[in-house]
Amino acid sequence: MAMEKADKSDVRQSGKEIFRLFQLDALFQDGHFYKKEELMKKLEVSEATLKRDIRRLKDNYRAPLESSSDGYHYTDRLYKFPALFVTEKEMPAFGLVRKLFMLFKDTPIYKPLLDICENFERPVESEMIDVNQLKFKNSELKENEWFETRIVVAERKVDLVDETVWPVILSSLKENLVLEFDYESVKTNKKSFGRTIEPWQLIFDREQWYLKGMAENPAKPGERGLRTFVVPRMKNIRLTGRHFALPEKELWRLDKYSVGYFGVVTTSISERYQFIFQGSALYYSNAKFSEDKTVEQYTGDVPHKDGALLVSFTSNQRPAVLKEFFPYGDDIIPLAPASFVQEWKDKILAMMQYL
C-alpha cells in the first residue's frame with residue numbers, strides 16, 4: 001500500500017512540474033529579468049525545486065535561459081515552450097497521425113513531420129479547477145496500446161523516389177525553373193530523352209508522387225500542353241537554369257483546373273456523367289465525386305438490381321473516372337456521355353480477346 005501511495009504522489013508531482021514550466025515560460029516571455037528569490041515566491045517553491053525546474057527547462061526543452069547578475073532571462077524572444085500535450089483520449093488519433101506520416105517516408109517532409117511529433121509530451125491528462133489549480137496526471141499508457149494494433153493504415157507499395165531527386169524538384173518549384181529529364185512511359189515503358197517541363201505542382205495521389213505542368217509533346221515538337229509525370233519514372237532530372245512564369249488566375253493549381261475529386265489526372269474537357277450504381281457499389285454512391293453530384297433512385301429501362309441508384313456529376317477527369325469505376329464490373333453501369341460509354345464497351349471487348 002505504501003508503494004502505491006508513493007507512485008501516485010510521483011504522478012501528481014510530475015504534473016505540477018509541467019505546470020511550473022508553463023509558469024516560468026510565461027514569465028520569461030515578457031523579456032524581464034527575475035531574481036531567484038522572486039521566482040521562488042511566484043512559484044511558491046523551494047530553491048532546490050526552482051533549480052530543478054530551470055535545469056529541466058534548459059536541458060529537456062532547449063530553452064534559451066541564462067542567468068546573470070540581473071537574474072534569469074531568455075536570450076531569444078522567439079522561443080516558446082511547447083504548449084501542445086496529447087491527452088490519453090487523444091492518443092489513438094495521435095497514433096494514427098504518426099502512421100499516416102509513414103506515407104511520406106523517403107521524402108523531404110518526413111523528417112519535419114516527425115519533428116512536429118517531438119513537440120508533443122508523453123500523454124498527460126489534466127483537470128482544470130481554476131487558473132491556479134491545474135492538476136496534471138501522467139497517463140498510465142501501457143506499451144503496445146490497443147490502438148497500435150487495432151487501428152492501421154493499409155499501404156500500397158509504389159516505386160520510391162531517389163533521394164537526390166527531391167532537392168532538384170523543390171528548387172525548380174521554389175525558383176520557377178524549367179526541368180529537363182528522361183522519362184519512361186507509364187503505358188508503354190518506352191523511353192524518351194531530354195524532356196522538359198515547367199513544373200506547376202508536385203502532387204501526392206494514392207501513395208504516388210506526380211509532377212504536373214506545361215511540357216512539350218515529344219511526338220509533335222513545338223506542341224505544348226498540360227502533362228502529368230510519375231516522379232519515380234523521371235530519370236537524370238536536372239535544372240536548366242531557364243525561368244518560367246506561372247499562369248495567371250492560379251490556373252496552375254489542381255483545385256482550380258480540376259472538376260471533380262478523382263485525383264491528379266485531368267483533361268481540358270468537362271462532361272456530365274451518369275451511372276447506375278447497384279449491388280456492391282451502392283455504398284460508394286455516398287462519395288463526393290464533384291460539387292454538383294446528384295443521387296436518385298434509378299427507374300429507367302436498363303436492366304438493374306433492386307435498389308439501384310442513378311448517380312450524376314460533372315468532371316474533367318475522364319481517365320480517372322474510368323479507372324475508378326471500371327473495377328466494379330456490372331455493379332456500375334455507364335449511361336452518359338455516349339463517347340465514354342463506348343470507351344467502356346471497347347475496354348470490355350479488348351479484355352474478352354484474352355479469355
# chains A, B, ... in the order shown; residues from 1 in each chain; ligands from 1
>>> residues_around(residues="region 47-64 of chain A", least_positions_apart="3", cutoff="6 Å", atoms="only C-alpha atoms", output="VMD selection string")
chain A and resid 74 to 76
>>> write_last_selection(atoms="C-alpha atoms", output="short mmCIF file (atom, residue, chain, number, x, y, z; two decimals), in the first residue's frame")
data_model
loop_
_atom_site.label_atom_id
_atom_site.label_comp_id
_atom_site.auth_asym_id
_atom_site.auth_seq_id
_atom_site.Cartn_x
_atom_site.Cartn_y
_atom_site.Cartn_z
CA TYR A 74 15.53 34.39 -22.09
CA THR A 75 18.21 35.28 -24.62
CA ASP A 76 15.90 34.52 -27.54
#
>>> residues_around(residues="region 188-195 of chain A", least_positions_apart="3", cutoff="9 Å", atoms="only C-alpha atoms", output="list of chain:residue names")
A:Leu179, A:Glu180, A:Phe181, A:Asp182, A:Tyr183, A:Glu184, A:Ser185, A:Ala215, A:Glu216, A:Asn217, A:Pro218
>>> closest_residue(among="A:Tyr298, A:Trp344, A:Gly95, A:Ala336", to="Thr149 (chain A)", atoms="only C-alpha atoms")
A:Gly95
>>> closest_residue(among="A:Asp331, A:Phe28, A:Val45, A:Met102", to="Tyr79 (chain A)", atoms="only C-alpha atoms")
A:Phe28
>>> select_by_dssp(residues="region 136-329 of chain A", states="helix (DSSP H, G or I)", output="PyMOL selection string")
chain A and resi 146-150+165-175+231-233+248-250+254-257+279-286+318-329
>>> atom_distance(atom1="CA of Ala308 (chain A)", atom2="CA of Leu349 (chain A)")
24.9 Å
>>> closest_residue(among="A:Ile237, A:Leu282, A:Leu170, A:Val265", to="Ile332 (chain A)", atoms="only C-alpha atoms")
A:Leu282
>>> residues_around(residues="Gln297 (chain A)", least_positions_apart="4", cutoff="9 Å", atoms="only C-alpha atoms", output="list in words")
Gly307, Ala308, Leu309, Leu310 and Val311 of chain A
>>> write_last_selection(atoms="N, CA, C and O atoms", output="tab-separated table (two decimals), in the first residue's frame")
chain	number	residue	atom	x	y	z
A	307	GLY	N	-32.89	-1.61	-55.73
A	307	GLY	CA	-32.23	-0.52	-55.00
A	307	GLY	C	-31.23	0.27	-55.83
A	307	GLY	O	-30.50	1.10	-55.27
A	308	ALA	N	-31.20	0.05	-57.13
A	308	ALA	CA	-30.23	0.75	-57.99
A	308	ALA	C	-30.42	2.26	-57.92
A	308	ALA	O	-31.54	2.76	-57.80
A	309	LEU	N	-29.31	2.99	-58.00
A	309	LEU	CA	-29.34	4.45	-57.94
A	309	LEU	C	-28.77	5.05	-59.22
A	309	LEU	O	-27.88	4.47	-59.86
A	310	LEU	N	-29.28	6.23	-59.56
A	310	LEU	CA	-28.75	6.99	-60.68
A	310	LEU	C	-27.86	8.08	-60.11
A	310	LEU	O	-28.32	8.97	-59.39
A	311	VAL	N	-26.57	8.01	-60.43
A	311	VAL	CA	-25.59	8.96	-59.93
A	311	VAL	C	-25.11	9.83	-61.09
A	311	VAL	O	-24.66	9.32	-62.11
>>> closest_residue(among="A:Gly300, A:Pro92, A:Pro319, A:Pro167", to="Phe340 (chain A)", atoms="only C-alpha atoms")
A:Pro319
>>> closest_residue(among="A:Glu223, A:Asp106, A:Asp330, A:Asp205", to="Leu254 (chain A)", atoms="only C-alpha atoms")
A:Asp205
>>> closest_residue(among="A:Tyr257, A:Phe204, A:Tyr72, A:Phe275", to="His304 (chain A)", atoms="only C-alpha atoms")
A:Phe275
>>> residues_around(residues="Thr107 (chain A)", least_positions_apart="2", cutoff="8 Å", atoms="only C-alpha atoms", output="list in words")
Phe104, Lys105, Ile109, Tyr110, Val161, Glu163 and Trp166 of chain A
>>> residues_around(residues="Arg318 (chain A)", least_positions_apart="3", cutoff="12 Å", atoms="only C-alpha atoms", output="short mmCIF file (atom, residue, chain, number, x, y, z; two decimals) with N, CA, C and O atoms, in the first residue's frame")
data_model
loop_
_atom_site.label_atom_id
_atom_site.label_comp_id
_atom_site.auth_asym_id
_atom_site.auth_seq_id
_atom_site.Cartn_x
_atom_site.Cartn_y
_atom_site.Cartn_z
N SER A 258 -9.13 21.39 -61.91
CA SER A 258 -9.81 20.09 -61.88
C SER A 258 -11.29 20.28 -61.56
O SER A 258 -11.65 21.13 -60.75
N VAL A 259 -12.13 19.50 -62.21
CA VAL A 259 -13.57 19.48 -61.93
C VAL A 259 -13.90 18.08 -61.47
O VAL A 259 -13.91 17.13 -62.25
N GLY A 260 -14.15 17.92 -60.20
CA GLY A 260 -14.36 16.59 -59.63
C GLY A 260 -13.22 16.23 -58.69
O GLY A 260 -12.22 16.95 -58.60
N TYR A 261 -13.38 15.11 -58.01
CA TYR A 261 -12.42 14.68 -57.00
C TYR A 261 -11.90 13.27 -57.29
O TYR A 261 -12.14 12.33 -56.53
N PHE A 262 -11.18 13.16 -58.40
CA PHE A 262 -10.66 11.85 -58.80
C PHE A 262 -9.13 11.85 -58.89
O PHE A 262 -8.56 11.02 -59.58
N GLY A 263 -8.48 12.77 -58.20
CA GLY A 263 -7.04 12.71 -58.15
C GLY A 263 -6.34 13.63 -59.13
O GLY A 263 -6.86 14.67 -59.54
N VAL A 264 -5.15 13.20 -59.54
CA VAL A 264 -4.23 14.07 -60.25
C VAL A 264 -4.53 14.21 -61.74
O VAL A 264 -4.20 15.22 -62.36
N VAL A 265 -5.16 13.21 -62.36
CA VAL A 265 -5.33 13.19 -63.82
C VAL A 265 -6.53 14.06 -64.23
O VAL A 265 -7.64 13.86 -63.75
N THR A 266 -6.28 15.00 -65.14
CA THR A 266 -7.34 15.86 -65.65
C THR A 266 -7.23 15.99 -67.16
O THR A 266 -6.20 15.67 -67.75
N THR A 267 -8.30 16.46 -67.80
CA THR A 267 -8.29 16.78 -69.22
C THR A 267 -8.82 18.20 -69.39
O THR A 267 -9.18 18.85 -68.41
N SER A 268 -8.88 18.67 -70.61
CA SER A 268 -9.35 20.03 -70.86
C SER A 268 -10.86 20.10 -71.08
O SER A 268 -11.41 21.17 -71.27
N ILE A 269 -11.53 18.95 -71.05
CA ILE A 269 -12.96 18.89 -71.35
C ILE A 269 -13.75 18.43 -70.12
O ILE A 269 -13.47 17.38 -69.55
N SER A 270 -14.75 19.21 -69.75
CA SER A 270 -15.67 18.82 -68.68
C SER A 270 -16.91 18.18 -69.29
O SER A 270 -17.45 18.69 -70.27
N GLU A 271 -17.36 17.08 -68.71
CA GLU A 271 -18.51 16.35 -69.23
C GLU A 271 -19.45 15.98 -68.10
O GLU A 271 -19.02 15.85 -66.95
N ARG A 272 -20.72 15.80 -68.45
CA ARG A 272 -21.71 15.36 -67.48
C ARG A 272 -21.84 13.85 -67.55
O ARG A 272 -22.16 13.28 -68.59
N TYR A 273 -21.57 13.17 -66.41
CA TYR A 273 -21.59 11.72 -66.36
C TYR A 273 -22.85 11.22 -65.66
O TYR A 273 -23.36 11.87 -64.73
N PHE A 313 -22.88 13.52 -62.20
CA PHE A 313 -21.92 14.54 -61.79
C PHE A 313 -21.14 15.05 -63.00
O PHE A 313 -21.14 14.41 -64.06
N THR A 314 -20.48 16.18 -62.83
CA THR A 314 -19.64 16.76 -63.88
C THR A 314 -18.17 16.60 -63.51
O THR A 314 -17.80 16.75 -62.34
N SER A 315 -17.34 16.28 -64.50
CA SER A 315 -15.91 16.11 -64.24
C SER A 315 -15.11 16.32 -65.52
O SER A 315 -15.62 16.10 -66.62
N VAL A 321 -11.95 8.68 -63.91
CA VAL A 321 -13.29 8.14 -63.68
C VAL A 321 -13.36 6.71 -64.18
O VAL A 321 -13.88 5.82 -63.50
N LEU A 322 -12.82 6.47 -65.36
CA LEU A 322 -12.83 5.11 -65.92
C LEU A 322 -12.03 4.16 -65.02
O LEU A 322 -12.50 3.05 -64.70
N LYS A 323 -10.87 4.59 -64.59
CA LYS A 323 -10.02 3.74 -63.75
C LYS A 323 -10.67 3.47 -62.40
O LYS A 323 -10.52 2.38 -61.83
N GLU A 324 -11.42 4.44 -61.89
CA GLU A 324 -12.03 4.32 -60.57
C GLU A 324 -13.25 3.40 -60.59
O GLU A 324 -13.46 2.60 -59.68
N PHE A 325 -14.08 3.51 -61.64
CA PHE A 325 -15.36 2.81 -61.66
C PHE A 325 -15.33 1.45 -62.34
O PHE A 325 -16.11 0.56 -61.99
N PHE A 326 -14.46 1.27 -63.29
CA PHE A 326 -14.46 0.05 -64.10
C PHE A 326 -14.29 -1.23 -63.25
O PHE A 326 -14.93 -2.26 -63.54
N ALA A 336 -23.86 7.87 -69.61
CA ALA A 336 -23.51 9.08 -70.35
C ALA A 336 -22.18 9.61 -69.80
O ALA A 336 -21.84 9.34 -68.65
N PRO A 337 -21.43 10.33 -70.68
CA PRO A 337 -21.71 10.68 -72.07
C PRO A 337 -21.52 9.48 -73.00
O PRO A 337 -20.87 8.49 -72.64
N SER A 339 -19.72 8.94 -75.66
CA SER A 339 -18.34 8.57 -76.02
C SER A 339 -17.67 7.80 -74.89
O SER A 339 -16.87 6.89 -75.13
N PHE A 340 -18.01 8.14 -73.65
CA PHE A 340 -17.46 7.42 -72.50
C PHE A 340 -18.03 6.01 -72.44
O PHE A 340 -17.30 5.04 -72.16
N VAL A 341 -19.33 5.87 -72.70
CA VAL A 341 -19.96 4.55 -72.72
C VAL A 341 -19.30 3.67 -73.77
O VAL A 341 -19.03 2.48 -73.52
N GLU A 343 -16.23 3.95 -74.89
CA GLU A 343 -14.88 3.63 -74.40
C GLU A 343 -14.95 2.48 -73.39
O GLU A 343 -14.09 1.59 -73.38
N TRP A 344 -15.96 2.50 -72.55
CA TRP A 344 -16.17 1.43 -71.56
C TRP A 344 -16.40 0.10 -72.26
O TRP A 344 -15.80 -0.92 -71.91
#
>>> select_by_dssp(residues="region 228-334 of chain A", states="strand (DSSP E)", output="number ranges by chain")
A: 228-230, 234-243, 271-277, 294-297, 309-315, 332-334
>>> atom_distance(atom1="CA of Ala154 (chain A)", atom2="CA of Asn316 (chain A)")
28.8 Å
